[in-house]
>>> print(open('run.txt').read())   # compact mmCIF, C-alpha atoms and all ligand atoms
# COMPACT_ATOMS: atom_id res chain seq x y z
CA MET A 982 -10.87 37.32 -14.53
CA PRO A 983 -8.06 38.56 -12.31
CA THR A 984 -8.32 42.22 -11.39
CA ASN A 985 -4.66 42.58 -10.51
CA PRO A 986 -1.80 41.48 -12.72
CA LYS A 987 -0.06 38.60 -11.05
CA SER A 988 3.56 38.92 -10.17
CA LYS A 989 5.30 35.85 -11.51
CA GLY A 990 8.04 36.06 -8.88
CA THR A 991 11.52 34.70 -9.21
CA TRP A 992 12.01 31.13 -10.28
CA ILE A 993 13.05 30.17 -6.75
CA HIS A 994 9.74 31.49 -5.40
CA ARG A 995 7.74 29.72 -8.05
CA PHE A 996 9.69 26.52 -7.43
CA ALA A 997 9.17 26.87 -3.65
CA ILE A 998 5.43 27.34 -4.12
CA ARG A 999 5.20 24.26 -6.30
CA LEU A 1000 7.35 22.23 -3.91
CA PHE A 1001 5.35 23.21 -0.83
CA THR A 1002 2.09 22.62 -2.65
CA LEU A 1003 3.29 19.10 -3.32
CA VAL A 1004 4.49 18.63 0.26
CA LEU A 1005 1.16 19.90 1.56
CA ALA A 1006 -0.70 17.51 -0.74
CA VAL A 1007 1.43 14.59 0.51
CA LEU A 1008 0.80 15.55 4.15
CA ILE A 1009 -2.94 15.85 3.59
CA PHE A 1010 -2.89 12.49 1.81
CA TRP A 1011 -1.12 11.07 4.84
CA VAL A 1012 -3.69 12.44 7.30
CA LEU A 1013 -6.51 11.05 5.16
CA GLY A 1014 -4.67 7.73 5.29
CA PHE A 1015 -4.91 7.77 9.10
CA PHE A 1016 -8.68 8.29 8.97
CA VAL A 1017 -9.09 5.53 6.42
CA ASP A 1018 -6.87 3.13 8.38
CA ASP A 1019 -8.84 3.75 11.57
CA ILE A 1020 -12.06 2.93 9.77
CA ARG A 1021 -10.46 -0.11 8.22
CA SER A 1022 -9.46 -1.50 11.64
CA ILE A 1023 -13.14 -2.06 12.60
CA PRO A 1024 -13.22 -5.84 13.21
CA GLY A 1025 -15.11 -8.03 10.74
CA PRO A 1026 -17.04 -11.28 11.25
CA ASP A 1027 -15.39 -14.02 13.35
CA TYR A 1028 -15.20 -17.34 11.49
CA ASP A 1029 -14.83 -19.51 14.63
CA SER A 1030 -18.07 -18.30 16.21
CA ILE A 1031 -19.93 -18.72 12.89
CA GLU A 1032 -18.58 -22.27 12.59
CA GLN A 1033 -19.72 -23.08 16.12
CA ASN A 1034 -23.28 -22.12 15.20
CA HIS A 1035 -23.29 -24.45 12.19
CA LEU A 1036 -21.54 -27.55 13.53
CA ASN A 1037 -23.33 -30.29 15.53
CA LYS A 1038 -21.91 -29.96 19.04
CA ASP A 1039 -22.17 -33.73 19.80
CA LEU A 1040 -20.32 -34.53 16.61
CA VAL A 1041 -17.58 -32.03 17.48
CA SER A 1042 -17.12 -33.44 20.98
CA GLN A 1043 -17.22 -36.99 19.58
CA ARG A 1044 -14.51 -36.03 17.11
CA ILE A 1045 -12.39 -34.50 19.89
CA SER A 1046 -12.79 -37.55 22.15
CA LEU A 1047 -11.91 -39.87 19.24
CA ASP A 1048 -8.75 -37.89 18.57
CA THR A 1049 -7.82 -38.05 22.27
CA GLN A 1050 -8.36 -41.82 22.31
CA ILE A 1051 -6.29 -42.26 19.16
CA ALA A 1052 -3.46 -40.21 20.65
CA ALA A 1053 -3.57 -42.26 23.90
CA LEU A 1054 -3.57 -45.55 21.96
CA THR A 1055 -0.65 -44.43 19.83
CA ARG A 1056 1.29 -43.66 22.99
CA GLN A 1057 0.41 -47.08 24.49
CA ILE A 1058 1.39 -48.89 21.31
CA LEU A 1059 4.72 -47.12 21.41
CA ASN A 1060 5.26 -48.18 25.04
CA GLN A 1061 4.35 -51.80 24.31
CA THR A 1062 6.64 -51.93 21.28
CA GLU A 1063 9.45 -50.59 23.42
CA LYS A 1064 8.80 -53.28 26.05
CA GLN A 1065 8.70 -55.90 23.32
CA ARG A 1066 12.06 -54.72 22.05
CA VAL A 1067 13.61 -55.05 25.54
CA VAL A 1068 12.15 -58.57 25.97
CA GLY A 1069 13.39 -59.50 22.49
CA ASP A 1070 16.94 -58.33 23.31
CA SER A 1071 16.92 -60.31 26.56
CA SER A 1072 15.67 -63.43 24.70
CA ARG A 1073 18.48 -63.18 22.18
CA ASN A 1074 21.04 -62.95 25.02
CA LEU A 1075 19.54 -65.98 26.77
CA GLN A 1076 19.56 -67.94 23.54
CA GLN A 1077 23.27 -67.28 23.12
CA THR A 1078 23.94 -68.40 26.72
CA ILE A 1079 21.91 -71.57 26.23
CA ASN A 1080 23.72 -72.34 22.98
CA GLN A 1081 27.06 -71.95 24.73
CA LEU A 1082 25.91 -74.24 27.57
CA ILE A 1083 24.77 -76.86 25.05
CA ASP A 1084 28.13 -76.62 23.27
CA LEU A 1085 29.94 -77.11 26.59
CA GLN A 1086 27.75 -80.14 27.40
CA LYS A 1087 28.47 -81.66 23.96
CA LEU A 1088 32.20 -81.15 24.53
CA GLY A 1089 31.94 -82.72 28.01
CA LEU A 1090 30.05 -85.77 26.64
CA GLN A 1091 32.74 -86.32 23.98
CA LYS A 1092 35.41 -86.27 26.67
CA GLY A 1093 33.27 -88.32 29.05
CA ILE A 1094 32.89 -85.52 31.63
CA ALA A 1095 29.37 -85.25 32.98
CA PHE A 1096 27.55 -81.97 33.69
CA SER A 1097 27.85 -80.89 37.30
CA GLU A 1098 24.68 -80.30 39.27
CA THR A 1099 25.26 -76.54 39.37
CA GLU A 1100 25.76 -76.42 35.62
CA GLN A 1101 22.64 -78.48 35.15
CA ALA A 1102 20.72 -76.09 37.43
CA ASN A 1103 22.05 -73.01 35.54
CA PHE A 1104 21.04 -74.54 32.24
CA THR A 1105 17.55 -75.37 33.45
CA SER A 1106 16.98 -71.90 34.95
CA SER A 1107 18.26 -70.18 31.78
CA LEU A 1108 15.96 -72.32 29.68
CA ASN A 1109 13.02 -71.50 31.95
CA ILE A 1110 13.69 -67.78 31.78
CA PHE A 1111 14.05 -68.02 28.01
CA LEU A 1112 10.72 -69.79 27.67
CA ASP A 1113 9.10 -67.26 30.01
CA ASN A 1114 10.50 -64.44 27.89
CA GLN A 1115 9.21 -66.02 24.71
CA LYS A 1116 5.76 -66.28 26.23
CA LYS A 1117 5.88 -62.64 27.35
CA TYR A 1118 7.03 -61.63 23.87
CA GLN A 1119 4.10 -63.44 22.27
CA GLU A 1120 1.70 -61.81 24.75
CA LEU A 1121 3.08 -58.36 24.01
CA ASN A 1122 2.77 -59.08 20.31
CA GLN A 1123 -0.86 -59.95 20.78
CA THR A 1124 -1.51 -56.77 22.83
CA VAL A 1125 0.13 -54.56 20.23
CA SER A 1126 -1.79 -56.08 17.36
CA ASP A 1127 -5.05 -55.72 19.35
CA MET A 1128 -4.24 -52.10 20.03
CA LEU A 1129 -3.43 -51.48 16.37
CA GLU A 1130 -6.73 -52.96 15.38
CA ARG A 1131 -8.56 -50.73 17.86
CA LYS A 1132 -6.65 -47.70 16.64
CA GLN A 1133 -7.55 -48.38 13.03
CA ALA A 1134 -11.21 -48.64 13.99
CA LEU A 1135 -10.99 -45.33 15.88
CA VAL A 1136 -9.22 -43.61 12.97
CA LEU A 1137 -11.94 -44.76 10.61
CA GLU A 1138 -14.63 -43.46 12.98
CA SER A 1139 -12.80 -40.14 13.32
CA GLU A 1140 -12.54 -39.78 9.54
CA GLN A 1141 -16.25 -40.39 9.17
CA ALA A 1142 -16.99 -37.76 11.82
CA GLU A 1143 -14.66 -35.34 10.02
CA GLN A 1144 -16.48 -35.92 6.74
CA LYS A 1145 -19.82 -35.12 8.38
CA LEU A 1146 -18.29 -32.00 9.97
CA GLU A 1147 -16.89 -30.93 6.62
CA THR A 1148 -20.36 -30.98 5.04
CA GLN A 1149 -21.61 -28.87 7.95
CA ARG A 1150 -18.70 -26.44 7.53
CA GLN A 1151 -19.65 -25.50 3.97
CA PRO A 1152 -22.70 -23.39 4.98
CA ALA A 1153 -20.55 -21.83 7.74
CA ARG A 1154 -17.99 -20.78 5.14
CA ASP A 1155 -20.74 -19.43 2.86
CA GLU A 1156 -22.16 -17.37 5.70
CA PHE A 1157 -18.70 -16.11 6.64
CA ASN A 1158 -18.03 -15.03 3.04
CA ARG A 1159 -21.38 -13.27 2.87
CA LEU A 1160 -20.76 -11.43 6.16
CA SER A 1161 -17.21 -10.53 5.11
CA GLU A 1162 -18.44 -9.04 1.85
CA ARG A 1163 -21.03 -7.01 3.73
CA HIS A 1164 -18.39 -5.85 6.19
CA ARG A 1165 -16.15 -4.78 3.31
CA LEU A 1166 -18.94 -2.74 1.76
CA GLU A 1167 -19.67 -1.15 5.15
CA LEU A 1168 -16.01 -0.18 5.47
CA ALA A 1169 -16.04 1.31 1.96
CA PHE A 1170 -19.24 3.20 2.80
CA PHE A 1171 -17.75 4.66 6.01
CA GLN A 1172 -14.52 5.66 4.27
CA LEU A 1173 -16.38 7.34 1.43
CA ALA A 1174 -18.73 8.98 3.94
CA VAL A 1175 -15.65 10.71 5.37
CA LEU A 1176 -13.83 11.36 2.08
CA LEU A 1177 -16.60 12.35 -0.35
CA PRO A 1178 -17.84 15.42 1.61
CA MET A 1179 -14.22 16.56 1.80
CA LEU A 1180 -13.81 16.07 -1.95
CA ILE A 1181 -17.02 17.96 -2.70
CA ALA A 1182 -15.95 20.80 -0.36
CA ALA A 1183 -12.51 20.89 -2.03
CA ALA A 1184 -14.08 20.98 -5.51
CA VAL A 1185 -16.41 23.82 -4.51
CA VAL A 1186 -13.55 25.84 -2.99
CA VAL A 1187 -11.27 25.23 -5.99
CA ILE A 1188 -13.99 26.34 -8.43
CA LYS A 1189 -15.10 29.36 -6.38
CA LYS A 1190 -11.65 30.59 -5.41
CA ARG A 1191 -9.82 29.69 -8.59
CA SER A 1192 -8.48 33.23 -8.93
CA SER A 1193 -7.39 33.48 -5.27
CA ILE A 1194 -3.69 33.74 -4.59
CA TYR A 1195 -4.11 30.81 -2.16
CA ILE A 1196 -5.29 28.44 -4.89
CA PRO A 1197 -2.25 26.10 -4.42
CA LEU A 1198 -3.53 25.30 -0.90
CA PHE A 1199 -6.97 24.37 -2.19
CA LEU A 1200 -5.49 22.44 -5.10
CA ALA A 1201 -3.25 20.45 -2.72
CA PHE A 1202 -6.27 19.60 -0.54
CA GLY A 1203 -8.47 18.74 -3.52
CA GLY A 1204 -5.77 16.69 -5.24
CA ALA A 1205 -4.92 14.66 -2.15
CA THR A 1206 -8.60 13.96 -1.41
CA LEU A 1207 -9.27 12.98 -5.02
CA VAL A 1208 -6.37 10.49 -5.09
CA LYS A 1209 -7.52 8.96 -1.78
CA VAL A 1210 -11.10 8.62 -3.00
CA VAL A 1211 -9.94 6.99 -6.23
CA LEU A 1212 -7.74 4.54 -4.28
CA VAL A 1213 -10.55 3.61 -1.87
CA VAL A 1214 -13.06 3.14 -4.68
CA PHE A 1215 -10.54 1.06 -6.65
CA GLU A 1216 -9.91 -1.13 -3.61
CA TYR A 1217 -13.53 -1.83 -2.71
CA PHE A 1218 -15.49 -1.89 -5.94
CA PRO A 1219 -15.10 -4.27 -8.84
CA SER A 1220 -12.58 -2.68 -11.17
CA LYS A 1221 -14.33 -3.98 -14.28
CA TYR A 1222 -17.03 -1.31 -13.90
CA PHE A 1223 -14.88 1.24 -12.18
CA LYS A 1224 -12.22 1.39 -14.87
CA TYR A 1225 -14.77 2.83 -17.32
CA ILE A 1226 -15.81 5.50 -14.83
CA LEU A 1227 -12.18 6.33 -14.12
CA ILE A 1228 -11.05 6.49 -17.73
CA GLY A 1229 -14.19 8.50 -18.60
CA SER A 1230 -13.48 11.10 -15.88
CA LEU A 1231 -9.80 11.24 -16.85
CA LEU A 1232 -10.72 11.81 -20.51
CA ILE A 1233 -13.03 14.67 -19.57
CA VAL A 1234 -10.46 16.29 -17.25
CA VAL A 1235 -7.58 15.98 -19.72
CA ALA A 1236 -9.70 17.25 -22.62
CA LYS A 1237 -10.84 20.25 -20.53
CA LEU A 1238 -7.25 21.07 -19.53
CA LEU A 1239 -6.09 20.78 -23.12
CA ILE A 1240 -8.87 23.07 -24.36
CA TYR A 1241 -8.09 25.56 -21.58
CA PHE A 1242 -4.40 25.78 -22.47
CA ILE A 1243 -5.04 25.94 -26.21
CA ARG A 1244 -7.46 28.81 -25.65
CA THR A 1245 -5.09 30.64 -23.27
CA ILE A 1246 -2.37 30.61 -25.89
CA ALA A 1247 -4.69 31.38 -28.81
CA PHE A 1248 -6.69 34.16 -27.09
CA PRO A 1249 -4.63 35.86 -24.36
CA LYS A 1250 -6.78 38.14 -22.28
CA THR A 1251 -5.95 41.63 -23.56
CA GLN A 1252 -6.95 43.44 -20.42
CA TRP A 1253 -4.78 41.20 -18.30
CA LEU A 1254 -1.87 41.60 -20.71
CA VAL A 1255 -2.15 45.39 -20.73
CA LYS A 1256 -2.07 45.44 -16.96
CA GLN A 1257 0.98 43.23 -16.93
CA TYR A 1258 2.70 45.48 -19.52
CA ARG A 1259 1.76 48.63 -17.65
CA GLU A 1260 3.23 47.35 -14.43
CA ALA A 1261 6.43 46.39 -16.23
CA TYR A 1262 6.79 49.81 -17.88
CA GLU A 1263 6.25 51.46 -14.48
CA ARG A 1264 9.25 49.57 -13.19
CA PHE A 1265 11.31 50.18 -16.36
CA LEU A 1266 11.39 46.45 -17.08
CA CYS A 1267 10.76 44.71 -20.38
CA PRO A 1268 7.14 43.38 -20.15
CA VAL A 1269 8.20 40.19 -21.90
CA CYS A 1270 11.52 39.22 -20.30
CA GLU A 1271 11.88 41.64 -17.35
CA TYR A 1272 15.23 42.94 -18.58
CA PRO A 1273 15.70 46.59 -17.47
CA ILE A 1274 14.73 49.24 -20.03
CA ARG A 1275 17.93 51.31 -19.95
CA ILE A 1276 17.06 54.56 -21.66
CA GLY A 1277 17.71 58.21 -20.86
CA PRO A 1278 19.30 58.84 -17.46
CA ARG A 1279 18.99 55.13 -16.64
CA ARG A 1280 21.30 54.13 -19.46
CA PHE A 1281 24.19 53.13 -17.19
CA LEU A 1282 22.18 51.65 -14.32
CA PHE A 1283 20.93 48.18 -13.55
CA TRP A 1284 17.94 47.12 -11.43
CA THR A 1285 15.36 44.38 -10.95
CA ARG A 1286 11.69 44.25 -9.96
CA ARG A 1287 12.69 44.58 -6.31
CA THR A 1288 15.52 47.11 -6.51
CA VAL A 1289 13.85 49.45 -9.02
CA ASN A 1290 12.63 51.88 -6.33
CA LYS A 1291 15.91 51.89 -4.42
CA ILE A 1292 18.32 53.01 -7.11
CA VAL A 1293 19.17 56.71 -7.44
CA VAL A 1294 18.61 57.99 -10.99
CA PRO A 1295 20.97 60.82 -12.10
CA GLY A 1296 19.18 64.14 -12.54
CA ASP A 1297 20.03 64.62 -16.23
CA HIS A 1298 16.59 64.52 -17.90
CA SER A 1299 17.60 66.41 -21.03
CA VAL A 1300 18.21 63.28 -23.09
CA LEU A 1301 15.79 62.98 -25.98
CA GLU A 1302 13.33 60.10 -26.17
CA GLU A 1303 14.14 57.59 -28.84
CA ALA A 1304 12.88 54.26 -30.15
CA TYR A 1305 14.06 51.34 -28.08
CA THR A 1306 14.21 47.57 -28.51
CA CYS A 1307 14.81 45.18 -25.60
CA PRO A 1308 18.40 43.97 -26.03
CA SER A 1309 17.51 40.73 -24.30
CA CYS A 1310 14.41 39.46 -26.13
CA GLY A 1311 14.25 41.80 -29.13
CA CYS A 1312 10.76 43.16 -28.45
CA ASN A 1313 9.93 46.71 -29.54
CA LEU A 1314 9.37 48.71 -26.34
CA PHE A 1315 9.38 52.32 -27.65
CA GLU A 1316 8.63 53.26 -31.24
CA GLU A 1317 7.69 56.20 -33.41
CA CYS A 1318 4.00 57.08 -33.26
CA PRO A 1319 2.58 56.92 -36.84
CA SER A 1320 0.29 59.83 -36.00
CA CYS A 1321 2.43 62.44 -34.16
CA HIS A 1322 5.86 60.96 -35.00
CA LYS A 1323 7.01 61.24 -31.41
CA VAL A 1324 8.20 58.23 -29.40
CA ARG A 1325 5.46 56.17 -27.74
CA HIS A 1326 5.18 52.91 -25.71
CA SER A 1327 4.95 50.02 -28.15
CA MET A 1328 3.03 47.72 -25.80
CA LEU A 1329 0.51 50.13 -24.28
CA PRO A 1330 -2.71 51.03 -26.07
CA ASN A 1331 -2.42 54.84 -26.26
CA CYS A 1332 0.28 57.28 -27.40
CA SER A 1333 1.35 59.47 -24.47
CA HIS A 1334 1.65 62.50 -26.78
CA CYS A 1335 -1.36 62.40 -29.07
CA GLY A 1336 -3.51 59.64 -27.51
CA THR A 1337 -3.77 57.62 -30.72
CA GLU A 1338 -4.94 54.11 -29.87
CA LYS A 1339 -3.41 50.94 -31.22
CA ASP A 1340 -4.12 47.23 -30.74
CA VAL A 1341 -1.94 45.61 -28.15
CA LYS A 1342 -1.19 42.02 -28.93
ZN ZN A 1401 12.80 41.83 -23.32
ZN ZN A 1402 1.34 59.91 -30.86
>>> encode(input="run.txt", output="C-alpha cells", more="lines below")
Ligand SMILES: [Zn+2]
Ligand SMILES: [Zn+2]
Amino acid sequence: MPTNPKSKGTWIHRFAIRLFTLVLAVLIFWVLGFFVDDIRSIPGPDYDSIEQNHLNKDLVSQRISLDTQIAALTRQILNQTEKQRVVGDSSRNLQQTINQLIDLQKLGLQKGIAFSETEQANFTSSLNIFLDNQKKYQELNQTVSDMLERKQALVLESEQAEQKLETQRQPARDEFNRLSERHRLELAFFQLAVLLPMLIAAAVVVIKKRSSIYIPLFLAFGGATLVKVVLVVFEYFPSKYFKYILIGSLLIVVAKLLIYFIRTIAFPKTQWLVKQYREAYERFLCPVCEYPIRIGPRRFLFWTRRTVNKIVVPGDHSVLEEAYTCPSCGCNLFEECPSCHKVRHSMLPNCSHCGTEKDVK
C-alpha cells in the first residue's frame, strides 16, 4: 500500500509519462531484436557438403563427363549442319549454272551451232564440282546422323546416371532436414536463454517494486521482453500447442486485471483516500476535481497545485466559516457538524472543533 498519496500531475505530465514509457518499451524491444538477430545469424547446415557425403563420387564425375561430351557433340553437330548448309547452297548455285549451260547447248543444237571447246570444258568442270559437292553433302549428312545417334546414346546414359544420383540424394535431403530442424531448435534455445532470464528479472522487479514511482520503467522493460519472448516462441515452436498456452496465459492476465480494477472501484482504500483528501485541503483544492476552494479571504483569488504557496492571501481573517460546496464538481467540502453545529471538513474523518468522527467515503 502506498505510504504517500500520489500526485496525479497535470494531463501533459501524465501523457508524457505514458508516451515515454511506450518509447522506452519500443527501444528496449529494438535492442532485444539486435540480440535475437545476432543469434539467428549463426550459420546452419550446408546442403552441398551433406550431398557430397551421400553421392557416389564416380557416378558424379561420370555424370559431369557425360554432360561435357553431350555439350561438345551438340557444338560439333551445329558446326557440321552449318557446313552442310553452305555446301547445299553451293550445290543449288551449280545446278542452276548447269541447267543454263544445258539450255544454251539445246539452243545451239537447234540452230546447228556446236559447243566450243571452252564451253564444253566449263560444263564438264561445273558438273564435276557439282558431283563433288553432292558427295560431300552426303558425307556430311552421314556424319551428322552418326553424331546425333551418339548424342542420343549419351543423353540416355546421362539420364540413367541422374536417376541413380536422385535416389542417392533423398537420404542427403533427409539428413539436411534433420540437421536444419536441430539447428532451428538450437537457435530458439539460445534466444530464449538470453530472453527468459531477462523476463524473469523484469517480472520480479515489477512485482517487488510495483509501488515505486519508477514502475513505468520496469513495466516498459517487462512488456518489451514479454512481447519478444512470445514472438520467438511463436516462431520456433509448433503453434498448435503454443496457442493453448498463449490463450491460457492471456485469459489469466486479463481476468486478474479485470478483478483488480473491479475491486479498486468497489473498495477504494480509505487510508489512501484520506491522505489524498488531506493533501488537497492543505492546498485549498477540491479533493475530487482540484478546483480551488475559494472561501474566506481567498474568495477572490485563484491558484493551482503549483501556485498555491506563491499567492499572497489578504489579511482579513474575520470572515465566518460557512458550509461550502465545490462549484465545479458539486461535492460537499465544508458542512455543519451534526454534533457541535460548527463548520467542519466534509471529506476528513474528524471535526476540527469537537473531534467527532465520521466515515469518509
Ligand atoms: Zn470539485
Ligand atoms: Zn464538530
>>> residues_around(input="run.txt", residues="segment 1311-1313 of chain A", least_positions_apart="3", cutoff="8 Å", atoms="all atoms listed in the file", output="PyMOL selection string")
chain A and resi 1269+1305-1308+1316+1327-1328
>>> closest_atom_pairs(input="run.txt", of="chain A", to="ligand ZN 1402 (chain A)", cutoff="7 Å", atoms="only C-alpha atoms and all ligand atoms", output="CSV")
residue,atom,partner,partner_atom,distance
A:Cys1318,CA,A:ZN1402,ZN,4.6
A:Pro1319,CA,A:ZN1402,ZN,6.8
A:Ser1320,CA,A:ZN1402,ZN,5.2
A:Cys1321,CA,A:ZN1402,ZN,4.3
A:His1322,CA,A:ZN1402,ZN,6.2
A:Lys1323,CA,A:ZN1402,ZN,5.8
A:Arg1325,CA,A:ZN1402,ZN,6.4
A:Cys1332,CA,A:ZN1402,ZN,4.5
A:Ser1333,CA,A:ZN1402,ZN,6.4
A:His1334,CA,A:ZN1402,ZN,4.8
A:Cys1335,CA,A:ZN1402,ZN,4.1
A:Gly1336,CA,A:ZN1402,ZN,5.9
A:Thr1337,CA,A:ZN1402,ZN,5.6
>>> atom_distance(input="run.txt", atom1="atom CA of Lys1209 of chain A", atom2="atom CA of Asn1158 of chain A")
26.6 Å
>>> closest_residue(input="run.txt", among="A:Gly1204, A:Pro1295, A:Gly1069, A:Gly1089", to="Asn1122 of chain A", atoms="all atoms listed in the file")
A:Gly1069
>>> build_atoms(input="run.txt", residues="segment 1003-1031 of chain A", atoms="N, CA and C atoms", output="PDB file, in the frame of the given file")
ATOM      1  N   LEU A1003       3.162  20.555  -3.251  1.00  0.00           N
ATOM      2  CA  LEU A1003       3.290  19.100  -3.320  1.00  0.00           C
ATOM      3  C   LEU A1003       3.428  18.498  -1.926  1.00  0.00           C
ATOM      4  N   VAL A1004       4.290  19.128  -1.100  1.00  0.00           N
ATOM      5  CA  VAL A1004       4.490  18.630   0.260  1.00  0.00           C
ATOM      6  C   VAL A1004       3.176  18.669   1.033  1.00  0.00           C
ATOM      7  N   LEU A1005       2.454  19.766   0.879  1.00  0.00           N
ATOM      8  CA  LEU A1005       1.160  19.900   1.560  1.00  0.00           C
ATOM      9  C   LEU A1005       0.212  18.798   1.112  1.00  0.00           C
ATOM     10  N   ALA A1006       0.187  18.552  -0.209  1.00  0.00           N
ATOM     11  CA  ALA A1006      -0.700  17.510  -0.740  1.00  0.00           C
ATOM     12  C   ALA A1006      -0.328  16.160  -0.126  1.00  0.00           C
ATOM     13  N   VAL A1007       0.979  15.878  -0.046  1.00  0.00           N
ATOM     14  CA  VAL A1007       1.430  14.590   0.510  1.00  0.00           C
ATOM     15  C   VAL A1007       1.008  14.481   1.982  1.00  0.00           C
ATOM     16  N   LEU A1008       1.170  15.578   2.725  1.00  0.00           N
ATOM     17  CA  LEU A1008       0.800  15.550   4.150  1.00  0.00           C
ATOM     18  C   LEU A1008      -0.701  15.335   4.321  1.00  0.00           C
ATOM     19  N   ILE A1009      -1.485  16.023   3.495  1.00  0.00           N
ATOM     20  CA  ILE A1009      -2.940  15.850   3.590  1.00  0.00           C
ATOM     21  C   ILE A1009      -3.318  14.411   3.253  1.00  0.00           C
ATOM     22  N   PHE A1010      -2.651  13.880   2.218  1.00  0.00           N
ATOM     23  CA  PHE A1010      -2.890  12.490   1.810  1.00  0.00           C
ATOM     24  C   PHE A1010      -2.603  11.551   2.983  1.00  0.00           C
ATOM     25  N   TRP A1011      -1.551  11.863   3.689  1.00  0.00           N
ATOM     26  CA  TRP A1011      -1.120  11.070   4.840  1.00  0.00           C
ATOM     27  C   TRP A1011      -2.188  11.085   5.936  1.00  0.00           C
ATOM     28  N   VAL A1012      -2.663  12.295   6.256  1.00  0.00           N
ATOM     29  CA  VAL A1012      -3.690  12.440   7.300  1.00  0.00           C
ATOM     30  C   VAL A1012      -4.934  11.670   6.908  1.00  0.00           C
ATOM     31  N   LEU A1013      -5.331  11.785   5.641  1.00  0.00           N
ATOM     32  CA  LEU A1013      -6.510  11.050   5.160  1.00  0.00           C
ATOM     33  C   LEU A1013      -6.281   9.554   5.338  1.00  0.00           C
ATOM     34  N   GLY A1014      -5.021   9.134   5.110  1.00  0.00           N
ATOM     35  CA  GLY A1014      -4.670   7.730   5.290  1.00  0.00           C
ATOM     36  C   GLY A1014      -4.930   7.273   6.718  1.00  0.00           C
ATOM     37  N   PHE A1015      -4.650   8.130   7.697  1.00  0.00           N
ATOM     38  CA  PHE A1015      -4.910   7.770   9.100  1.00  0.00           C
ATOM     39  C   PHE A1015      -6.401   7.528   9.327  1.00  0.00           C
ATOM     40  N   PHE A1016      -7.223   8.455   8.810  1.00  0.00           N
ATOM     41  CA  PHE A1016      -8.680   8.290   8.970  1.00  0.00           C
ATOM     42  C   PHE A1016      -9.117   6.944   8.389  1.00  0.00           C
ATOM     43  N   VAL A1017      -8.675   6.728   7.144  1.00  0.00           N
ATOM     44  CA  VAL A1017      -9.090   5.530   6.420  1.00  0.00           C
ATOM     45  C   VAL A1017      -8.636   4.275   7.165  1.00  0.00           C
ATOM     46  N   ASP A1018      -7.384   4.301   7.672  1.00  0.00           N
ATOM     47  CA  ASP A1018      -6.870   3.130   8.380  1.00  0.00           C
ATOM     48  C   ASP A1018      -7.663   2.857   9.651  1.00  0.00           C
ATOM     49  N   ASP A1019      -8.049   3.927  10.349  1.00  0.00           N
ATOM     50  CA  ASP A1019      -8.840   3.750  11.570  1.00  0.00           C
ATOM     51  C   ASP A1019     -10.166   3.081  11.246  1.00  0.00           C
ATOM     52  N   ILE A1020     -10.776   3.527  10.163  1.00  0.00           N
ATOM     53  CA  ILE A1020     -12.060   2.930   9.770  1.00  0.00           C
ATOM     54  C   ILE A1020     -11.847   1.466   9.399  1.00  0.00           C
ATOM     55  N   ARG A1021     -10.748   1.229   8.702  1.00  0.00           N
ATOM     56  CA  ARG A1021     -10.460  -0.110   8.220  1.00  0.00           C
ATOM     57  C   ARG A1021     -10.212  -1.105   9.362  1.00  0.00           C
ATOM     58  N   SER A1022      -9.789  -0.580  10.541  1.00  0.00           N
ATOM     59  CA  SER A1022      -9.460  -1.500  11.640  1.00  0.00           C
ATOM     60  C   SER A1022     -10.706  -1.950  12.409  1.00  0.00           C
ATOM     61  N   ILE A1023     -11.911  -1.537  11.980  1.00  0.00           N
ATOM     62  CA  ILE A1023     -13.140  -2.060  12.600  1.00  0.00           C
ATOM     63  C   ILE A1023     -13.174  -3.568  12.347  1.00  0.00           C
ATOM     64  N   PRO A1024     -13.314  -4.392  13.422  1.00  0.00           N
ATOM     65  CA  PRO A1024     -13.220  -5.840  13.210  1.00  0.00           C
ATOM     66  C   PRO A1024     -14.384  -6.392  12.395  1.00  0.00           C
ATOM     67  N   GLY A1025     -14.108  -7.399  11.591  1.00  0.00           N
ATOM     68  CA  GLY A1025     -15.110  -8.030  10.740  1.00  0.00           C
ATOM     69  C   GLY A1025     -15.692  -9.253  11.419  1.00  0.00           C
ATOM     70  N   PRO A1026     -16.437 -10.086  10.668  1.00  0.00           N
ATOM     71  CA  PRO A1026     -17.040 -11.280  11.250  1.00  0.00           C
ATOM     72  C   PRO A1026     -15.976 -12.279  11.709  1.00  0.00           C
ATOM     73  N   ASP A1027     -16.328 -13.059  12.780  1.00  0.00           N
ATOM     74  CA  ASP A1027     -15.390 -14.020  13.350  1.00  0.00           C
ATOM     75  C   ASP A1027     -15.773 -15.418  12.850  1.00  0.00           C
ATOM     76  N   TYR A1028     -14.861 -16.056  12.105  1.00  0.00           N
ATOM     77  CA  TYR A1028     -15.200 -17.340  11.490  1.00  0.00           C
ATOM     78  C   TYR A1028     -15.480 -18.408  12.544  1.00  0.00           C
ATOM     79  N   ASP A1029     -14.688 -18.448  13.623  1.00  0.00           N
ATOM     80  CA  ASP A1029     -14.830 -19.510  14.630  1.00  0.00           C
ATOM     81  C   ASP A1029     -16.228 -19.531  15.237  1.00  0.00           C
ATOM     82  N   SER A1030     -16.744 -18.325  15.567  1.00  0.00           N
ATOM     83  CA  SER A1030     -18.070 -18.300  16.210  1.00  0.00           C
ATOM     84  C   SER A1030     -19.142 -18.700  15.192  1.00  0.00           C
ATOM     85  N   ILE A1031     -18.956 -18.317  13.917  1.00  0.00           N
ATOM     86  CA  ILE A1031     -19.930 -18.720  12.890  1.00  0.00           C
ATOM     87  C   ILE A1031     -19.914 -20.241  12.745  1.00  0.00           C
TER      88      ILE A1031
END
